[in-house]
$ cat query19.cif   # mmCIF, C-alpha atoms
data_run
loop_
_atom_site.group_PDB
_atom_site.id
_atom_site.type_symbol
_atom_site.label_atom_id
_atom_site.label_comp_id
_atom_site.auth_asym_id
_atom_site.auth_seq_id
_atom_site.Cartn_x
_atom_site.Cartn_y
_atom_site.Cartn_z
ATOM 1 C CA MET I 17 -12.803 -25.823 14.408
ATOM 2 C CA GLN I 18 -11.681 -23.902 11.312
ATOM 3 C CA SER I 19 -14.366 -22.077 9.359
ATOM 4 C CA GLU I 20 -14.908 -22.723 5.663
ATOM 5 C CA LYS I 21 -12.739 -20.607 3.381
ATOM 6 C CA ARG I 22 -14.347 -17.773 1.438
ATOM 7 C CA TYR I 23 -13.359 -17.384 -2.205
ATOM 8 C CA ARG I 24 -14.100 -14.314 -4.292
ATOM 9 C CA PRO I 25 -15.735 -15.198 -7.657
ATOM 10 C CA ASN I 26 -13.375 -13.969 -10.338
ATOM 11 C CA VAL I 27 -12.550 -14.186 -14.053
ATOM 12 C CA ALA I 28 -9.106 -14.131 -15.644
ATOM 13 C CA ALA I 29 -7.920 -13.675 -19.226
ATOM 14 C CA VAL I 30 -4.962 -15.385 -20.826
ATOM 15 C CA ILE I 31 -4.497 -12.999 -23.750
ATOM 16 C CA VAL I 32 -2.559 -13.956 -26.850
ATOM 17 C CA SER I 33 -1.464 -11.241 -29.239
ATOM 18 C CA SER I 34 -3.131 -10.672 -32.586
ATOM 19 C CA LYS I 35 -0.164 -12.564 -34.137
ATOM 20 C CA TYR I 36 -1.635 -15.829 -32.784
ATOM 21 C CA PRO I 37 -1.457 -18.633 -33.954
ATOM 22 C CA PHE I 38 1.724 -17.750 -35.863
ATOM 23 C CA GLU I 39 3.331 -16.471 -32.652
ATOM 24 C CA CYS I 40 2.181 -17.380 -29.159
ATOM 25 C CA GLU I 41 2.982 -14.476 -26.865
ATOM 26 C CA LEU I 42 1.023 -13.932 -23.656
ATOM 27 C CA PHE I 43 -0.009 -10.581 -22.193
ATOM 28 C CA ILE I 44 1.145 -9.902 -18.634
ATOM 29 C CA ALA I 45 1.005 -6.709 -16.620
ATOM 30 C CA SER I 46 2.667 -5.410 -13.466
ATOM 31 C CA ARG I 47 0.277 -4.466 -10.656
ATOM 32 C CA ASN I 48 0.395 -0.963 -9.169
ATOM 33 C CA ASP I 49 -0.251 -2.122 -5.605
ATOM 34 C CA ILE I 50 2.146 -5.082 -5.225
ATOM 35 C CA GLU I 51 5.811 -4.755 -6.141
ATOM 36 C CA ASP I 52 7.024 -7.114 -8.896
ATOM 37 C CA ALA I 53 3.586 -8.724 -9.217
ATOM 38 C CA TRP I 54 3.096 -9.600 -12.871
ATOM 39 C CA GLN I 55 -0.120 -11.366 -13.789
ATOM 40 C CA PHE I 56 -2.875 -11.903 -16.328
ATOM 41 C CA PRO I 57 -5.796 -9.440 -16.231
ATOM 42 C CA GLN I 58 -8.459 -10.588 -13.801
ATOM 43 C CA GLY I 59 -11.287 -9.247 -11.704
ATOM 44 C CA GLY I 60 -14.344 -9.950 -9.634
ATOM 45 C CA ILE I 61 -17.684 -11.051 -10.966
ATOM 46 C CA ASP I 62 -20.412 -8.613 -9.965
ATOM 47 C CA LYS I 63 -23.734 -9.829 -8.596
ATOM 48 C CA GLY I 64 -26.031 -10.842 -11.470
ATOM 49 C CA GLU I 65 -23.176 -10.889 -13.980
ATOM 50 C CA THR I 66 -22.120 -13.967 -15.958
ATOM 51 C CA PRO I 67 -18.428 -14.875 -16.108
ATOM 52 C CA LYS I 68 -18.290 -13.861 -19.809
ATOM 53 C CA GLU I 69 -19.890 -10.487 -19.060
ATOM 54 C CA ALA I 70 -17.366 -9.976 -16.252
ATOM 55 C CA LEU I 71 -14.512 -10.935 -18.583
ATOM 56 C CA PHE I 72 -15.372 -8.243 -21.128
ATOM 57 C CA ARG I 73 -16.056 -5.608 -18.443
ATOM 58 C CA GLU I 74 -12.820 -6.355 -16.574
ATOM 59 C CA LEU I 75 -10.729 -6.224 -19.743
ATOM 60 C CA LYS I 76 -12.178 -2.817 -20.615
ATOM 61 C CA GLU I 77 -11.567 -1.561 -17.048
ATOM 62 C CA GLU I 78 -8.033 -2.934 -16.714
ATOM 63 C CA ILE I 79 -6.457 -2.749 -20.166
ATOM 64 C CA GLY I 80 -8.722 -0.260 -21.931
ATOM 65 C CA THR I 81 -10.095 -2.691 -24.507
ATOM 66 C CA ASN I 82 -12.380 -5.678 -24.674
ATOM 67 C CA GLU I 83 -11.724 -6.220 -28.367
ATOM 68 C CA VAL I 84 -10.922 -9.909 -28.043
ATOM 69 C CA ASP I 85 -12.190 -13.184 -29.404
ATOM 70 C CA ILE I 86 -12.654 -16.062 -26.984
ATOM 71 C CA ILE I 87 -10.628 -19.052 -28.167
ATOM 72 C CA ALA I 88 -11.342 -21.397 -25.255
ATOM 73 C CA GLN I 89 -12.141 -21.560 -21.579
ATOM 74 C CA TYR I 90 -10.765 -23.711 -18.814
ATOM 75 C CA PRO I 91 -13.571 -26.186 -18.053
ATOM 76 C CA ASN I 92 -13.528 -25.841 -14.264
ATOM 77 C CA TRP I 93 -13.352 -23.182 -11.611
ATOM 78 C CA ILE I 94 -9.929 -23.043 -9.994
ATOM 79 C CA THR I 95 -9.132 -21.673 -6.532
ATOM 80 C CA TYR I 96 -6.092 -20.283 -4.797
ATOM 81 C CA ASP I 97 -5.458 -18.775 -1.380
ATOM 82 C CA PHE I 98 -4.006 -15.335 -0.857
ATOM 83 C CA PRO I 99 -0.600 -15.255 0.860
ATOM 84 C CA SER I 100 -0.726 -13.718 4.345
ATOM 85 C CA SER I 101 0.969 -10.535 3.085
ATOM 86 C CA ILE I 102 -2.017 -9.840 0.798
ATOM 87 C CA ALA I 103 -4.881 -11.491 2.677
ATOM 88 C CA LYS I 104 -5.573 -8.480 4.932
ATOM 89 C CA LYS I 105 -6.143 -6.225 1.898
ATOM 90 C CA MET I 106 -8.587 -8.730 0.412
ATOM 91 C CA ALA I 107 -10.740 -9.355 3.499
ATOM 92 C CA PRO I 108 -13.272 -10.904 3.913
ATOM 93 C CA TYR I 109 -11.960 -13.329 1.252
ATOM 94 C CA ASP I 110 -9.334 -16.013 1.822
ATOM 95 C CA GLY I 111 -8.616 -16.398 -1.883
ATOM 96 C CA GLN I 112 -10.185 -16.431 -5.296
ATOM 97 C CA LYS I 113 -12.329 -18.855 -7.285
ATOM 98 C CA GLN I 114 -11.570 -18.178 -10.939
ATOM 99 C CA LYS I 115 -12.885 -18.959 -14.397
ATOM 100 C CA TYR I 116 -10.104 -18.692 -17.010
ATOM 101 C CA TYR I 117 -10.540 -17.728 -20.644
ATOM 102 C CA LEU I 118 -8.002 -17.908 -23.457
ATOM 103 C CA VAL I 119 -8.634 -14.899 -25.688
ATOM 104 C CA LYS I 120 -7.019 -13.410 -28.771
ATOM 105 C CA LEU I 121 -6.544 -9.678 -29.067
ATOM 106 C CA LYS I 122 -8.271 -8.508 -32.247
ATOM 107 C CA LYS I 123 -6.076 -6.971 -34.913
ATOM 108 C CA GLY I 124 -5.946 -3.215 -34.392
ATOM 109 C CA ALA I 125 -7.156 -3.371 -30.754
ATOM 110 C CA ARG I 126 -5.373 -0.778 -28.653
ATOM 111 C CA ILE I 127 -4.281 -1.561 -25.121
ATOM 112 C CA ASN I 128 -4.357 1.369 -22.708
ATOM 113 C CA ILE I 129 -3.495 0.607 -19.078
ATOM 114 C CA ASN I 130 -3.947 4.265 -18.120
ATOM 115 C CA THR I 131 -7.607 3.612 -17.411
ATOM 116 C CA GLU I 132 -9.964 5.491 -15.074
ATOM 117 C CA VAL I 133 -8.625 3.495 -12.100
ATOM 118 C CA PRO I 134 -5.263 2.106 -13.274
ATOM 119 C CA GLU I 135 -4.368 -1.317 -11.870
ATOM 120 C CA PHE I 136 -1.163 -1.818 -13.855
ATOM 121 C CA SER I 137 2.016 0.215 -14.250
ATOM 122 C CA GLU I 138 3.344 -1.588 -17.332
ATOM 123 C CA TYR I 139 2.641 -4.522 -19.604
ATOM 124 C CA LYS I 140 4.340 -6.749 -22.140
ATOM 125 C CA PHE I 141 3.797 -9.796 -24.308
ATOM 126 C CA VAL I 142 6.106 -12.681 -23.472
ATOM 127 C CA PRO I 143 6.677 -16.113 -25.011
ATOM 128 C CA THR I 144 5.171 -18.918 -22.926
ATOM 129 C CA ASN I 145 8.640 -20.234 -22.031
ATOM 130 C CA LYS I 146 9.548 -16.861 -20.409
ATOM 131 C CA LEU I 147 6.291 -16.345 -18.490
ATOM 132 C CA TYR I 148 7.415 -17.697 -15.114
ATOM 133 C CA GLU I 149 10.388 -15.312 -15.018
ATOM 134 C CA TYR I 150 7.796 -12.619 -14.248
ATOM 135 C CA ILE I 151 4.735 -14.132 -12.576
ATOM 136 C CA ILE I 152 4.315 -13.592 -8.838
ATOM 137 C CA PHE I 153 4.986 -16.760 -6.813
ATOM 138 C CA PHE I 154 1.498 -17.466 -5.487
ATOM 139 C CA LYS I 155 -0.090 -17.566 -8.952
ATOM 140 C CA ARG I 156 2.462 -19.866 -10.614
ATOM 141 C CA THR I 157 0.757 -23.151 -9.689
ATOM 142 C CA VAL I 158 -2.595 -21.983 -11.074
ATOM 143 C CA TYR I 159 -0.986 -20.595 -14.231
ATOM 144 C CA LYS I 160 0.878 -23.861 -14.821
ATOM 145 C CA GLU I 161 -2.362 -25.821 -14.548
ATOM 146 C CA ILE I 162 -4.270 -23.495 -16.864
ATOM 147 C CA LEU I 163 -1.540 -23.289 -19.483
ATOM 148 C CA SER I 164 -0.942 -27.038 -19.335
ATOM 149 C CA TYR I 165 -4.615 -27.585 -20.138
ATOM 150 C CA PHE I 166 -4.586 -25.109 -23.072
ATOM 151 C CA ARG I 167 -1.358 -26.714 -24.360
ATOM 152 C CA LYS I 168 -2.782 -30.255 -24.072
ATOM 153 C CA GLU I 169 -5.902 -29.142 -25.981
ATOM 154 C CA GLY I 170 -3.699 -27.706 -28.758
ATOM 155 C CA TYR I 171 -4.455 -24.012 -28.236
ATOM 156 C CA ILE I 172 -0.949 -22.871 -27.282
#
$ encode --input "query19.cif" --output "structure tokens"
Amino acid sequence: MQSEKRYRPNVAAVIVSSKYPFECELFIASRNDIEDAWQFPQGGIDKGETPKEALFRELKEEIGTNEVDIIAQYPNWITYDFPSSIAKKMAPYDGQKQKYYLVKLKKGARININTEVPEFSEYKFVPTNKLYEYIIFFKRTVYKEILSYFRKEGYI
């Protein structure tokens, strides 16, 4: 009998540049610990923390700023499993259970990925139609679902 999967509670930010809504470019960053792994900023929710509190904390920790406005949030939690090549590093979790937010970078906000504990080696803003040229394979299905929802709702 297989045991129930364990998912790490997590938040993720789909960040549009301060040029939004005139231009819709999404922030992605390349992880330090996995080669060619581009993704949206994300991170665990600490005990006693709300998803929104975790969102602002994680943005500050990962990209050096939490100067964003929340535009929308995906209405449900979404899960994905880690591929076997990453699962050992993430034990005891089998994957992540995420709450996604669409946020706009405030005008004048300064991104700095050289944080106290850097998670990313580089970042860029890309048009939505170029996103999947970068995103690591195991996150593509989730990203397609999230972005499809934001597109259907008229946000992107």
$ resolve_selection --input "query19.cif" --expression "the PyMOL selection byres ((chain I and resi 142) around 7)" --output "PyMOL selection string"
chain I and resi 41-43+140-141+143-144+146-147
$ residues_around --input "query19.cif" --residues "Phe136 in chain I" --least-positions-apart "2" --cutoff "10 Å" --atoms "all atoms listed in the file" --output "count of residues only"
21
$ resolve_selection --input "query19.cif" --expression "the PyMOL selection byres ((chain I and resi 114-124) around 6)" --output "ChimeraX atom specification"
/I:26-34,83-90,93-94,113,125
$ atom_distance --input "query19.cif" --atom1 "CA of Cys40 in chain I" --atom2 "CA of Ile172 in chain I"
6.6 Å
$ closest_residue --input "query19.cif" --among "I:Lys68, I:Arg24, I:Arg167, I:Lys76" --to "Ile127 in chain I" --atoms "all atoms listed in the file"
I:Lys76
$ build_atoms --input "query19.cif" --residues "range 154-165 of chain I" --atoms "all heavy atoms" --output "PDB file, keeping the file's coordinate frame"
ATOM      1  N   PHE I 154       2.703 -16.765  -5.927  1.00  0.00           N
ATOM      2  CA  PHE I 154       1.498 -17.466  -5.487  1.00  0.00           C
ATOM      3  C   PHE I 154       0.514 -17.767  -6.620  1.00  0.00           C
ATOM      4  O   PHE I 154      -0.466 -18.475  -6.419  1.00  0.00           O
ATOM      5  CB  PHE I 154       0.799 -16.744  -4.324  1.00  0.00           C
ATOM      6  CG  PHE I 154       0.225 -15.393  -4.655  1.00  0.00           C
ATOM      7  CD1 PHE I 154      -1.093 -15.271  -5.077  1.00  0.00           C
ATOM      8  CD2 PHE I 154       0.994 -14.250  -4.503  1.00  0.00           C
ATOM      9  CE1 PHE I 154      -1.631 -14.024  -5.358  1.00  0.00           C
ATOM     10  CE2 PHE I 154       0.459 -13.002  -4.780  1.00  0.00           C
ATOM     11  CZ  PHE I 154      -0.854 -12.893  -5.214  1.00  0.00           C
ATOM     12  N   LYS I 155       0.784 -17.267  -7.812  1.00  0.00           N
ATOM     13  CA  LYS I 155      -0.090 -17.566  -8.952  1.00  0.00           C
ATOM     14  C   LYS I 155       0.528 -18.599  -9.898  1.00  0.00           C
ATOM     15  O   LYS I 155      -0.135 -19.072 -10.808  1.00  0.00           O
ATOM     16  CB  LYS I 155      -0.401 -16.288  -9.719  1.00  0.00           C
ATOM     17  CG  LYS I 155      -1.234 -15.330  -8.891  1.00  0.00           C
ATOM     18  CD  LYS I 155      -1.723 -14.176  -9.684  1.00  0.00           C
ATOM     19  CE  LYS I 155      -2.533 -13.294  -8.752  1.00  0.00           C
ATOM     20  NZ  LYS I 155      -3.413 -12.419  -9.447  1.00  0.00           N
ATOM     21  N   ARG I 156       1.768 -18.971  -9.679  1.00  0.00           N
ATOM     22  CA  ARG I 156       2.462 -19.866 -10.614  1.00  0.00           C
ATOM     23  C   ARG I 156       1.795 -21.231 -10.739  1.00  0.00           C
ATOM     24  O   ARG I 156       1.679 -21.762 -11.838  1.00  0.00           O
ATOM     25  CB  ARG I 156       3.929 -20.018 -10.212  1.00  0.00           C
ATOM     26  CG  ARG I 156       4.716 -18.765 -10.473  1.00  0.00           C
ATOM     27  CD  ARG I 156       6.165 -18.920 -10.121  1.00  0.00           C
ATOM     28  NE  ARG I 156       6.820 -17.622 -10.257  1.00  0.00           N
ATOM     29  CZ  ARG I 156       7.875 -17.258  -9.593  1.00  0.00           C
ATOM     30  NH1 ARG I 156       8.445 -18.101  -8.744  1.00  0.00           N
ATOM     31  NH2 ARG I 156       8.398 -16.069  -9.770  1.00  0.00           N
ATOM     32  N   THR I 157       1.376 -21.825  -9.637  1.00  0.00           N
ATOM     33  CA  THR I 157       0.757 -23.151  -9.689  1.00  0.00           C
ATOM     34  C   THR I 157      -0.524 -23.121 -10.520  1.00  0.00           C
ATOM     35  O   THR I 157      -0.743 -23.995 -11.369  1.00  0.00           O
ATOM     36  CB  THR I 157       0.461 -23.668  -8.267  1.00  0.00           C
ATOM     37  OG1 THR I 157       1.690 -23.714  -7.547  1.00  0.00           O
ATOM     38  CG2 THR I 157      -0.166 -25.043  -8.293  1.00  0.00           C
ATOM     39  N   VAL I 158      -1.355 -22.118 -10.302  1.00  0.00           N
ATOM     40  CA  VAL I 158      -2.595 -21.983 -11.074  1.00  0.00           C
ATOM     41  C   VAL I 158      -2.263 -21.768 -12.550  1.00  0.00           C
ATOM     42  O   VAL I 158      -2.849 -22.418 -13.428  1.00  0.00           O
ATOM     43  CB  VAL I 158      -3.459 -20.820 -10.533  1.00  0.00           C
ATOM     44  CG1 VAL I 158      -4.604 -20.492 -11.477  1.00  0.00           C
ATOM     45  CG2 VAL I 158      -3.976 -21.142  -9.149  1.00  0.00           C
ATOM     46  N   TYR I 159      -1.327 -20.881 -12.842  1.00  0.00           N
ATOM     47  CA  TYR I 159      -0.986 -20.595 -14.231  1.00  0.00           C
ATOM     48  C   TYR I 159      -0.453 -21.843 -14.927  1.00  0.00           C
ATOM     49  O   TYR I 159      -0.779 -22.099 -16.084  1.00  0.00           O
ATOM     50  CB  TYR I 159       0.034 -19.464 -14.310  1.00  0.00           C
ATOM     51  CG  TYR I 159      -0.536 -18.078 -14.093  1.00  0.00           C
ATOM     52  CD1 TYR I 159      -1.748 -17.877 -13.442  1.00  0.00           C
ATOM     53  CD2 TYR I 159       0.146 -16.956 -14.519  1.00  0.00           C
ATOM     54  CE1 TYR I 159      -2.260 -16.606 -13.236  1.00  0.00           C
ATOM     55  CE2 TYR I 159      -0.359 -15.678 -14.324  1.00  0.00           C
ATOM     56  CZ  TYR I 159      -1.560 -15.506 -13.683  1.00  0.00           C
ATOM     57  OH  TYR I 159      -2.055 -14.243 -13.502  1.00  0.00           O
ATOM     58  N   LYS I 160       0.356 -22.625 -14.225  1.00  0.00           N
ATOM     59  CA  LYS I 160       0.878 -23.861 -14.821  1.00  0.00           C
ATOM     60  C   LYS I 160      -0.253 -24.818 -15.159  1.00  0.00           C
ATOM     61  O   LYS I 160      -0.254 -25.442 -16.222  1.00  0.00           O
ATOM     62  CB  LYS I 160       1.894 -24.520 -13.885  1.00  0.00           C
ATOM     63  CG  LYS I 160       3.222 -23.799 -13.892  1.00  0.00           C
ATOM     64  CD  LYS I 160       4.218 -24.432 -12.938  1.00  0.00           C
ATOM     65  CE  LYS I 160       5.499 -23.609 -12.960  1.00  0.00           C
ATOM     66  NZ  LYS I 160       6.473 -24.050 -11.983  1.00  0.00           N
ATOM     67  N   GLU I 161      -1.222 -24.939 -14.290  1.00  0.00           N
ATOM     68  CA  GLU I 161      -2.362 -25.821 -14.548  1.00  0.00           C
ATOM     69  C   GLU I 161      -3.182 -25.344 -15.743  1.00  0.00           C
ATOM     70  O   GLU I 161      -3.536 -26.131 -16.620  1.00  0.00           O
ATOM     71  CB  GLU I 161      -3.249 -25.913 -13.303  1.00  0.00           C
ATOM     72  CG  GLU I 161      -4.399 -26.881 -13.474  1.00  0.00           C
ATOM     73  CD  GLU I 161      -5.196 -27.079 -12.197  1.00  0.00           C
ATOM     74  OE1 GLU I 161      -4.650 -26.923 -11.090  1.00  0.00           O
ATOM     75  OE2 GLU I 161      -6.386 -27.403 -12.321  1.00  0.00           O
ATOM     76  N   ILE I 162      -3.468 -24.069 -15.777  1.00  0.00           N
ATOM     77  CA  ILE I 162      -4.270 -23.495 -16.864  1.00  0.00           C
ATOM     78  C   ILE I 162      -3.546 -23.640 -18.199  1.00  0.00           C
ATOM     79  O   ILE I 162      -4.122 -24.107 -19.182  1.00  0.00           O
ATOM     80  CB  ILE I 162      -4.574 -22.001 -16.576  1.00  0.00           C
ATOM     81  CG1 ILE I 162      -5.351 -21.811 -15.283  1.00  0.00           C
ATOM     82  CG2 ILE I 162      -5.275 -21.337 -17.760  1.00  0.00           C
ATOM     83  CD1 ILE I 162      -6.656 -22.520 -15.205  1.00  0.00           C
ATOM     84  N   LEU I 163      -2.288 -23.244 -18.230  1.00  0.00           N
ATOM     85  CA  LEU I 163      -1.540 -23.289 -19.483  1.00  0.00           C
ATOM     86  C   LEU I 163      -1.291 -24.724 -19.936  1.00  0.00           C
ATOM     87  O   LEU I 163      -1.289 -25.009 -21.139  1.00  0.00           O
ATOM     88  CB  LEU I 163      -0.239 -22.502 -19.364  1.00  0.00           C
ATOM     89  CG  LEU I 163      -0.432 -20.997 -19.171  1.00  0.00           C
ATOM     90  CD1 LEU I 163       0.907 -20.303 -18.997  1.00  0.00           C
ATOM     91  CD2 LEU I 163      -1.224 -20.377 -20.301  1.00  0.00           C
ATOM     92  N   SER I 164      -1.107 -25.624 -18.992  1.00  0.00           N
ATOM     93  CA  SER I 164      -0.942 -27.038 -19.335  1.00  0.00           C
ATOM     94  C   SER I 164      -2.203 -27.558 -20.032  1.00  0.00           C
ATOM     95  O   SER I 164      -2.118 -28.283 -21.026  1.00  0.00           O
ATOM     96  CB  SER I 164      -0.651 -27.845 -18.069  1.00  0.00           C
ATOM     97  OG  SER I 164      -0.606 -29.215 -18.364  1.00  0.00           O
ATOM     98  N   TYR I 165      -3.354 -27.176 -19.522  1.00  0.00           N
ATOM     99  CA  TYR I 165      -4.615 -27.585 -20.138  1.00  0.00           C
ATOM    100  C   TYR I 165      -4.722 -27.024 -21.564  1.00  0.00           C
ATOM    101  O   TYR I 165      -5.021 -27.764 -22.513  1.00  0.00           O
ATOM    102  CB  TYR I 165      -5.808 -27.117 -19.299  1.00  0.00           C
ATOM    103  CG  TYR I 165      -7.123 -27.305 -20.016  1.00  0.00           C
ATOM    104  CD1 TYR I 165      -7.725 -28.559 -20.066  1.00  0.00           C
ATOM    105  CD2 TYR I 165      -7.730 -26.246 -20.681  1.00  0.00           C
ATOM    106  CE1 TYR I 165      -8.918 -28.744 -20.766  1.00  0.00           C
ATOM    107  CE2 TYR I 165      -8.916 -26.423 -21.366  1.00  0.00           C
ATOM    108  CZ  TYR I 165      -9.508 -27.680 -21.405  1.00  0.00           C
ATOM    109  OH  TYR I 165     -10.682 -27.849 -22.101  1.00  0.00           O
TER     110      TYR I 165
END
